[in-house]
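Participant: Pasting a structure below so you can have a look.
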Amino acid sequence: MAHEYGSVVALKEKLSIEADDDSRDTLLTSALGAASRGIDNACGRRFWLDGTATPRVFRLAGRVVCEDDGDLLLVDDIGDVTGLVVEAGGGLSWAALTGYETQPDNALADGKPVTGLLRSGSWGTYTTRVRITAKFGWPAVPDEITEAALIQAARLYKRKDSPEGIIGSAEWGVRNLSRRDPDVWALIEPYILPGFG
């Protein structure tokens with residue numbers, strides 16, 4: 001998968017490996033990929049953007065919040081509204097819906113994804129399905145996510161030298177690796193969806 005949050009070049013720099021030394025590139029690429037997918041899993045979302053608009057179907061049950069100015073349909077992160085199509089229905093019968101606004105206001109301009117669609121009327125009954133065609137993900141990978149991925153990838157790369165989770169050095173002696181890197185956690189925590197992490 002080519003959706004790593006960072007580059008092997010940046011990871012080499014973090015690990016003080018010469019840029020032209022490609023003898024460890026396979027291990028570094030693997031560590032960076034694993035760190036990126038681990039961040040996705042911990043956050044309950046992904047930060048790379050679809051290349052093309054793709055459809056996803058949502059049931060309304062548990063996804064609609066009644067606001068003062070309408071019903072807010074909570075959706076997966078949308079990072080680009082180019083080609084956005086919203087339809088209601090099911091099976092082979094879908095009808096276009098209009099009269100909605102993306103929420104939060106100015107999300108894409110602020111480098112954040114659209115996470116809801118606000119409609120002044122109802123989205124339908126709890127059995128209604130809504131199909132949304134959009135570019136899902138984030139407009140751009142946040143700097144904090146890139147840094148967290150590089151830190152975690154460096155940790156995973158070094159893990160090969162710490163059997164059983166024990167690492168040693170002349171300065172510190174022998175110690176166990178912590179289960180969770182506090183710096184990685186501090187960087188990704190603001191991006192974790194409720195119910196994850």
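Labels used: A, B, ... for chains in the order of the structure tokens, numbers from 1 for residues in each chain, and numbers from 1 for ligands as shown.
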Applying 8 Å and only C-alpha atoms, which residues near stretch 55-64 of chain A remain after dropping the ones on its own chain fewer than 4 positions away? List them as a list in words.
Facilitator: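 Selected residues are Asp71, Leu72, Leu73, Leu74, Val75, Trp123, Gly124, Thr125, Tyr126, Thr127, Thr128, Arg129, Val130, Arg131, Ile132, Thr133 and Ala134 of chain A.
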Participant: Using only C-alpha atoms, which residue out of A:Tyr100, A:Asp69, A:Leu150, A:Thr115 lies closest to A:Glu87?
Facilitator: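 Among A:Tyr100, A:Asp69, A:Leu150, A:Thr115, it is A:Tyr100 that comes nearest to A:Glu87.
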Participant: Between atom CA of A:Lys160 and atom CA of A:Trp185, what is the spacing in Å?
Facilitator: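 Result for atom CA of A:Trp185 versus atom CA of A:Lys160: 21.6 Å, one decimal.
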Participant: Please return, as a VMD selection string, all residues of chain A that DSSP assigns to helix (DSSP H, G or I) on the basis of the backbone.
Facilitator: chain A and resid 8 to 14 25 to 43 143 to 161 163 to 165 182 to 191
Participant: Mind checking which residues fall within 8 Å of A:Gly137, counting only C-alpha atoms, ignoring those fewer than 4 positions away in the same chain, and posting them as number ranges by chain?
Facilitator: A: 45-50, 76-79, 113
Participant: Please measure the separation of atom CA of A:Gln103 and atom CA of A:Gly6, giving the value in Å to one decimal.
Facilitator: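 Those two atoms sit 28.4 Å apart.
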